[in-house]
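What follows is upload.pdb (PDB, C-alpha atoms (C1' of nucleotides)).
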```pdb
ATOM      1  CA  MET T   1      -8.911  33.196   2.722  1.00  0.00           C
ATOM      2  CA  THR T   2      -6.966  30.104   2.005  1.00  0.00           C
ATOM      3  CA  GLU T   3      -5.939  27.201   4.123  1.00  0.00           C
ATOM      4  CA  SER T   4      -2.490  28.723   4.296  1.00  0.00           C
ATOM      5  CA  THR T   5      -3.816  31.407   6.592  1.00  0.00           C
ATOM      6  CA  ASN T   6      -5.629  29.232   9.089  1.00  0.00           C
ATOM      7  CA  THR T   7      -2.687  28.810  11.394  1.00  0.00           C
ATOM      8  CA  GLY T   8      -3.387  27.163  14.715  1.00  0.00           C
ATOM      9  CA  ALA T   9      -6.683  25.614  13.627  1.00  0.00           C
ATOM     10  CA  LEU T  10      -6.345  21.863  13.263  1.00  0.00           C
ATOM     11  CA  PRO T  11      -8.851  19.758  11.321  1.00  0.00           C
ATOM     12  CA  PRO T  12     -11.547  18.198  13.564  1.00  0.00           C
ATOM     13  CA  PHE T  13     -10.279  14.733  12.788  1.00  0.00           C
ATOM     14  CA  ALA T  14      -6.704  15.613  13.729  1.00  0.00           C
ATOM     15  CA  GLU T  15      -7.897  17.248  16.906  1.00  0.00           C
ATOM     16  CA  SER T  16      -9.866  14.116  17.845  1.00  0.00           C
ATOM     17  CA  VAL T  17      -6.886  11.867  17.176  1.00  0.00           C
ATOM     18  CA  LEU T  18      -4.544  13.983  19.276  1.00  0.00           C
ATOM     19  CA  ASP T  19      -7.082  14.243  22.086  1.00  0.00           C
ATOM     20  CA  LEU T  20      -7.621  10.503  22.192  1.00  0.00           C
ATOM     21  CA  THR T  21      -3.879   9.882  22.103  1.00  0.00           C
ATOM     22  CA  GLU T  22      -3.414  12.063  25.172  1.00  0.00           C
ATOM     23  CA  ARG T  23      -6.173  10.095  26.910  1.00  0.00           C
ATOM     24  CA  ILE T  24      -4.373   6.777  26.513  1.00  0.00           C
ATOM     25  CA  PRO T  25      -3.183   5.815  30.023  1.00  0.00           C
ATOM     26  CA  ALA T  26       0.487   5.183  30.664  1.00  0.00           C
ATOM     27  CA  GLY T  27       1.360   1.547  30.158  1.00  0.00           C
ATOM     28  CA  ARG T  28      -1.345   1.155  27.528  1.00  0.00           C
ATOM     29  CA  VAL T  29      -1.368   1.507  23.751  1.00  0.00           C
ATOM     30  CA  MET T  30      -3.770   1.672  20.825  1.00  0.00           C
ATOM     31  CA  THR T  31      -3.212   0.710  17.222  1.00  0.00           C
ATOM     32  CA  TYR T  32      -3.790   3.118  14.342  1.00  0.00           C
ATOM     33  CA  GLY T  33      -6.776   1.041  13.297  1.00  0.00           C
ATOM     34  CA  ASP T  34      -8.214   1.073  16.812  1.00  0.00           C
ATOM     35  CA  VAL T  35      -7.989   4.862  16.982  1.00  0.00           C
ATOM     36  CA  ALA T  36      -9.784   5.226  13.648  1.00  0.00           C
ATOM     37  CA  GLU T  37     -12.400   2.704  14.678  1.00  0.00           C
ATOM     38  CA  TYR T  38     -12.889   4.344  18.070  1.00  0.00           C
ATOM     39  CA  LEU T  39     -13.383   7.758  16.474  1.00  0.00           C
ATOM     40  CA  GLY T  40     -15.642   6.216  13.867  1.00  0.00           C
ATOM     41  CA  GLN T  41     -14.064   8.096  10.980  1.00  0.00           C
ATOM     42  CA  GLY T  42     -11.135   8.055   8.637  1.00  0.00           C
ATOM     43  CA  GLY T  43      -8.826   5.039   8.638  1.00  0.00           C
ATOM     44  CA  PRO T  44      -5.488   3.810   9.939  1.00  0.00           C
ATOM     45  CA  ARG T  45      -3.595   5.717   7.263  1.00  0.00           C
ATOM     46  CA  GLN T  46      -5.366   8.946   8.108  1.00  0.00           C
ATOM     47  CA  VAL T  47      -4.512   8.474  11.784  1.00  0.00           C
ATOM     48  CA  GLY T  48      -0.930   7.829  10.744  1.00  0.00           C
ATOM     49  CA  ARG T  49      -0.924  11.060   8.749  1.00  0.00           C
ATOM     50  CA  VAL T  50      -2.106  13.055  11.757  1.00  0.00           C
ATOM     51  CA  MET T  51       0.549  11.478  13.971  1.00  0.00           C
ATOM     52  CA  ALA T  52       3.223  12.181  11.392  1.00  0.00           C
ATOM     53  CA  LEU T  53       2.280  15.857  11.344  1.00  0.00           C
ATOM     54  CA  TYR T  54       1.336  16.634  14.938  1.00  0.00           C
ATOM     55  CA  GLY T  55       2.459  13.508  16.839  1.00  0.00           C
ATOM     56  CA  GLY T  56       5.363  15.416  18.347  1.00  0.00           C
ATOM     57  CA  ALA T  57       2.988  17.198  20.736  1.00  0.00           C
ATOM     58  CA  VAL T  58       1.421  14.016  22.136  1.00  0.00           C
ATOM     59  CA  PRO T  59       2.578  10.652  23.610  1.00  0.00           C
ATOM     60  CA  TRP T  60       3.028   9.193  20.124  1.00  0.00           C
ATOM     61  CA  TRP T  61       4.640   6.018  21.502  1.00  0.00           C
ATOM     62  CA  ARG T  62       1.213   4.943  22.799  1.00  0.00           C
ATOM     63  CA  VAL T  63      -0.048   4.641  19.234  1.00  0.00           C
ATOM     64  CA  ILE T  64       1.565   1.751  17.419  1.00  0.00           C
ATOM     65  CA  ARG T  65       0.967  -0.636  14.559  1.00  0.00           C
ATOM     66  CA  ALA T  66      -1.204  -3.732  14.851  1.00  0.00           C
ATOM     67  CA  ASP T  67       1.873  -5.974  14.918  1.00  0.00           C
ATOM     68  CA  GLY T  68       3.047  -4.298  18.134  1.00  0.00           C
ATOM     69  CA  ARG T  69       6.149  -2.904  16.492  1.00  0.00           C
ATOM     70  CA  PRO T  70       7.079   0.743  17.217  1.00  0.00           C
ATOM     71  CA  LEU T  71       8.282   3.196  14.604  1.00  0.00           C
ATOM     72  CA  PRO T  72      11.396   2.222  12.679  1.00  0.00           C
ATOM     73  CA  GLY T  73      14.156   4.570  13.754  1.00  0.00           C
ATOM     74  CA  HIS T  74      12.349   5.582  16.942  1.00  0.00           C
ATOM     75  CA  GLU T  75      12.427   2.128  18.499  1.00  0.00           C
ATOM     76  CA  HIS T  76      14.970   3.116  21.099  1.00  0.00           C
ATOM     77  CA  ARG T  77      12.980   6.251  22.029  1.00  0.00           C
ATOM     78  CA  ALA T  78       9.723   4.306  22.293  1.00  0.00           C
ATOM     79  CA  LEU T  79      11.242   1.432  24.268  1.00  0.00           C
ATOM     80  CA  GLY T  80      12.523   3.914  26.821  1.00  0.00           C
ATOM     81  CA  HIS T  81       8.986   5.132  27.447  1.00  0.00           C
ATOM     82  CA  TYR T  82       7.539   1.612  27.538  1.00  0.00           C
ATOM     83  CA  ARG T  83      10.131   0.587  30.074  1.00  0.00           C
ATOM     84  CA  GLU T  84       9.350   3.687  32.112  1.00  0.00           C
ATOM     85  CA  GLU T  85       5.565   3.233  31.958  1.00  0.00           C
ATOM     86  CA  GLY T  86       5.660  -0.501  32.482  1.00  0.00           C
ATOM     87  CA  THR T  87       4.034  -1.298  29.162  1.00  0.00           C
ATOM     88  CA  PRO T  88       3.690  -5.071  28.656  1.00  0.00           C
ATOM     89  CA  LEU T  89       6.464  -6.098  26.296  1.00  0.00           C
ATOM     90  CA  ARG T  90       7.064  -9.311  24.503  1.00  0.00           C
ATOM     91  CA  SER T  91      10.571 -10.247  23.486  1.00  0.00           C
ATOM     92  CA  VAL T  92      10.595 -11.535  19.929  1.00  0.00           C
ATOM     93  CA  GLY T  93      14.038 -12.802  19.167  1.00  0.00           C
ATOM     94  CA  ASP T  94      16.343  -9.860  19.765  1.00  0.00           C
ATOM     95  CA  GLU T  95      13.787  -7.133  19.173  1.00  0.00           C
ATOM     96  CA  PRO T  96      11.300  -6.351  21.969  1.00  0.00           C
ATOM     97  CA  ARG T  97       7.766  -5.519  20.841  1.00  0.00           C
ATOM     98  CA  VAL T  98       4.636  -4.363  22.657  1.00  0.00           C
ATOM     99  CA  ASP T  99       2.374  -7.189  23.761  1.00  0.00           C
ATOM    100  CA  LEU T 100      -0.881  -5.930  22.268  1.00  0.00           C
ATOM    101  CA  ARG T 101      -2.905  -8.699  23.884  1.00  0.00           C
ATOM    102  CA  ARG T 102      -2.221  -7.110  27.270  1.00  0.00           C
ATOM    103  CA  ALA T 103      -1.338  -3.506  26.446  1.00  0.00           C
ATOM    104  CA  ARG T 104      -4.213  -2.724  24.058  1.00  0.00           C
ATOM    105  CA  TRP T 105      -6.539  -0.072  25.491  1.00  0.00           C
ATOM    106  CA  ASP T 106     -10.158  -0.071  24.335  1.00  0.00           C
ATOM    107  CA  GLY T 107     -11.065   3.342  25.725  1.00  0.00           C
ATOM    108  CA  GLN T 108     -12.121   2.186  29.154  1.00  0.00           C
TER     109      GLN T 108
ATOM    110  C1'  DA L   1      -9.162  12.808 -13.838  1.00  0.00           C
ATOM    111  C1'  DT L   2      -5.461   9.130 -13.105  1.00  0.00           C
ATOM    112  C1'  DA L   3      -1.346   7.435 -10.637  1.00  0.00           C
ATOM    113  C1'  DA L   4       1.603   7.203  -6.778  1.00  0.00           C
ATOM    114  C1'  DT L   5       2.427   7.567  -1.780  1.00  0.00           C
ATOM    115  C1'  DG L   6       1.974   6.762   3.223  1.00  0.00           C
ATOM    116  C1'  DA L   7       3.884   6.656  11.324  1.00  0.00           C
ATOM    117  C1'  DC L   8      -1.793   0.746   8.253  1.00  0.00           C
ATOM    118  C1'  DG L   9      -4.503  -3.905   8.327  1.00  0.00           C
ATOM    119  C1'  DT L  10      -5.620  -8.548   7.033  1.00  0.00           C
ATOM    120  C1'  DC L  11      -4.826 -12.813   4.503  1.00  0.00           C
ATOM    121  C1'  DG L  12      -2.240 -16.530   2.179  1.00  0.00           C
ATOM    122  C1'  DG L  13       2.072 -19.049   1.484  1.00  0.00           C
TER     123       DG L  13
ATOM    124  C1'  DT C   1       7.630 -16.113  12.510  1.00  0.00           C
ATOM    125  C1'  DC C   2       8.772 -13.862   8.104  1.00  0.00           C
ATOM    126  C1'  DC C   3       7.382 -12.055   3.376  1.00  0.00           C
ATOM    127  C1'  DG C   4       4.518 -10.589  -0.363  1.00  0.00           C
ATOM    128  C1'  DA C   5       0.075  -9.091  -2.249  1.00  0.00           C
ATOM    129  C1'  DC C   6      -4.219  -6.667  -1.928  1.00  0.00           C
ATOM    130  C1'  DG C   7      -7.488  -3.398   0.238  1.00  0.00           C
ATOM    131  C1'  DC C   8      -8.501   1.084   2.383  1.00  0.00           C
ATOM    132  C1'  DC C   9      -8.656   6.310   2.434  1.00  0.00           C
ATOM    133  C1'  DA C  10      -6.961  11.086   2.082  1.00  0.00           C
ATOM    134  C1'  DT C  11      -3.273  13.816   0.138  1.00  0.00           C
ATOM    135  C1'  DT C  12      -0.004  14.920  -3.521  1.00  0.00           C
ATOM    136  C1'  DA C  13       2.045  14.848  -8.149  1.00  0.00           C
TER     137       DA C  13
END
```
Once you've parsed the file, please lay out its structure as structure tokens.
Amino acid sequence: MTESTNTGALPPFAESVLDLTERIPAGRVMTYGDVAEYLGQGGPRQVGRVMALYGGAVPWWRVIRADGRPLPGHEHRALGHYREEGTPLRSVGDEPRVDLRRARWDGQ
DNA sequence: ATAATGACGTCGG
DNA sequence: TCCGACGCCATTA
């Protein structure tokens, strides 16, 4: 059989990424690089790929870039969650960004 | 097999 | 702080 038939079965890596994302506590975030490093496999881009494909089923706003900037186009959506969860924000000019120094979660 | 792409990261200017 | 260039790694053309 081909990979077109294996519906419902996600790659181990994708499953790990999604599982870890769901484990991130409210008010905390992890960067793509941190997720890859924590899992010990793949890389930031591979984590990004997984989130792009299956991120809709998990709290995707808790996984952000290393510069603390949420997804372009989804900023408003993400900010709403941050405000609701009390995620440490840092106002840079007119655009609020996540304060990674305080919000970064190391898996504790 | 080579080139281009992407929800990225780090460094230098 | 902002911008560009290079590196990384799997997928796609």
Using only C-alpha atoms (C1' of nucleotides), which residues sit within 10 Å of C:DA13 once same-chain residues fewer than 6 positions away are excluded, as a list of chain:residue names?
-> L:DA3, L:DA4, L:DT5
Using 10 Å as the limit and counting all atoms listed in the file, can you tabulate each residue of chain T that touches chain C, with its shortest atom-to-atom distance in Å and the two atoms involved, as JSON lines?
```
{"residue": "T:Gly42", "atom": "CA", "partner": "C:DC9", "partner_atom": "C1'", "distance": 6.9}
{"residue": "T:Gly43", "atom": "CA", "partner": "C:DC9", "partner_atom": "C1'", "distance": 6.3}
{"residue": "T:Pro44", "atom": "CA", "partner": "C:DC9", "partner_atom": "C1'", "distance": 8.5}
{"residue": "T:Arg45", "atom": "CA", "partner": "C:DC9", "partner_atom": "C1'", "distance": 7.0}
{"residue": "T:Gln46", "atom": "CA", "partner": "C:DA10", "partner_atom": "C1'", "distance": 6.6}
{"residue": "T:Arg49", "atom": "CA", "partner": "C:DA10", "partner_atom": "C1'", "distance": 9.0}
{"residue": "T:Val92", "atom": "CA", "partner": "C:DT1", "partner_atom": "C1'", "distance": 9.2}
{"residue": "T:Gly93", "atom": "CA", "partner": "C:DT1", "partner_atom": "C1'", "distance": 9.8}
```
Top pick for closest residue to L:DA7, considering T:Ile24, T:Leu18, T:Ala9, T:Ile64 and counting only C-alpha atoms (C1' of nucleotides) =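 Between T:Ile24, T:Leu18, T:Ala9, T:Ile64, the residue approaching L:DA7 most closely is T:Ile64.
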Given the file above and the PyMOL selection byres ((chain T) within 12 of (chain L)), which residues are selected, and can you give them as a ChimeraX atom specification?
-> /T:31-36,42-56,60-67,69-74
Students should find that atom CA of T:Ala57 and atom CA of T:Arg102 are spaced 25.7 Å
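Atom to atom, atom CA of T:Pro88 and atom CA of T:Ala103 stand 5.7 Å apart.
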Point-to-point distance in Å for atom CA of T:Met30 and atom CA of T:Phe13 =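 Distance between the two atoms: 16.7 Å.
Residues captured in this structure file are Pro25, Ala26, Gly27, Arg28, Val29, Arg62, Ala78, Leu79, Gly80, His81, Tyr82, Arg83, Glu84, Glu85, Thr87, Pro88, Leu89, Arg90, Val98, Asp99, Arg102 and Ala103 of chain T, according to the PyMOL selection byres ((chain T and resi 86) around 12).
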Mind dumping the selected residues with C-alpha atoms as a PDB file, keeping the file's coordinate frame?
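What landed in selection.pdb:
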```pdb
ATOM      1  CA  PRO T  25      -3.183   5.815  30.023  1.00  0.00           C
ATOM      2  CA  ALA T  26       0.487   5.183  30.664  1.00  0.00           C
ATOM      3  CA  GLY T  27       1.360   1.547  30.158  1.00  0.00           C
ATOM      4  CA  ARG T  28      -1.345   1.155  27.528  1.00  0.00           C
ATOM      5  CA  VAL T  29      -1.368   1.507  23.751  1.00  0.00           C
ATOM      6  CA  ARG T  62       1.213   4.943  22.799  1.00  0.00           C
ATOM      7  CA  ALA T  78       9.723   4.306  22.293  1.00  0.00           C
ATOM      8  CA  LEU T  79      11.242   1.432  24.268  1.00  0.00           C
ATOM      9  CA  GLY T  80      12.523   3.914  26.821  1.00  0.00           C
ATOM     10  CA  HIS T  81       8.986   5.132  27.447  1.00  0.00           C
ATOM     11  CA  TYR T  82       7.539   1.612  27.538  1.00  0.00           C
ATOM     12  CA  ARG T  83      10.131   0.587  30.074  1.00  0.00           C
ATOM     13  CA  GLU T  84       9.350   3.687  32.112  1.00  0.00           C
ATOM     14  CA  GLU T  85       5.565   3.233  31.958  1.00  0.00           C
ATOM     15  CA  THR T  87       4.034  -1.298  29.162  1.00  0.00           C
ATOM     16  CA  PRO T  88       3.690  -5.071  28.656  1.00  0.00           C
ATOM     17  CA  LEU T  89       6.464  -6.098  26.296  1.00  0.00           C
ATOM     18  CA  ARG T  90       7.064  -9.311  24.503  1.00  0.00           C
ATOM     19  CA  VAL T  98       4.636  -4.363  22.657  1.00  0.00           C
ATOM     20  CA  ASP T  99       2.374  -7.189  23.761  1.00  0.00           C
ATOM     21  CA  ARG T 102      -2.221  -7.110  27.270  1.00  0.00           C
ATOM     22  CA  ALA T 103      -1.338  -3.506  26.446  1.00  0.00           C
TER      23      ALA T 103
END
```
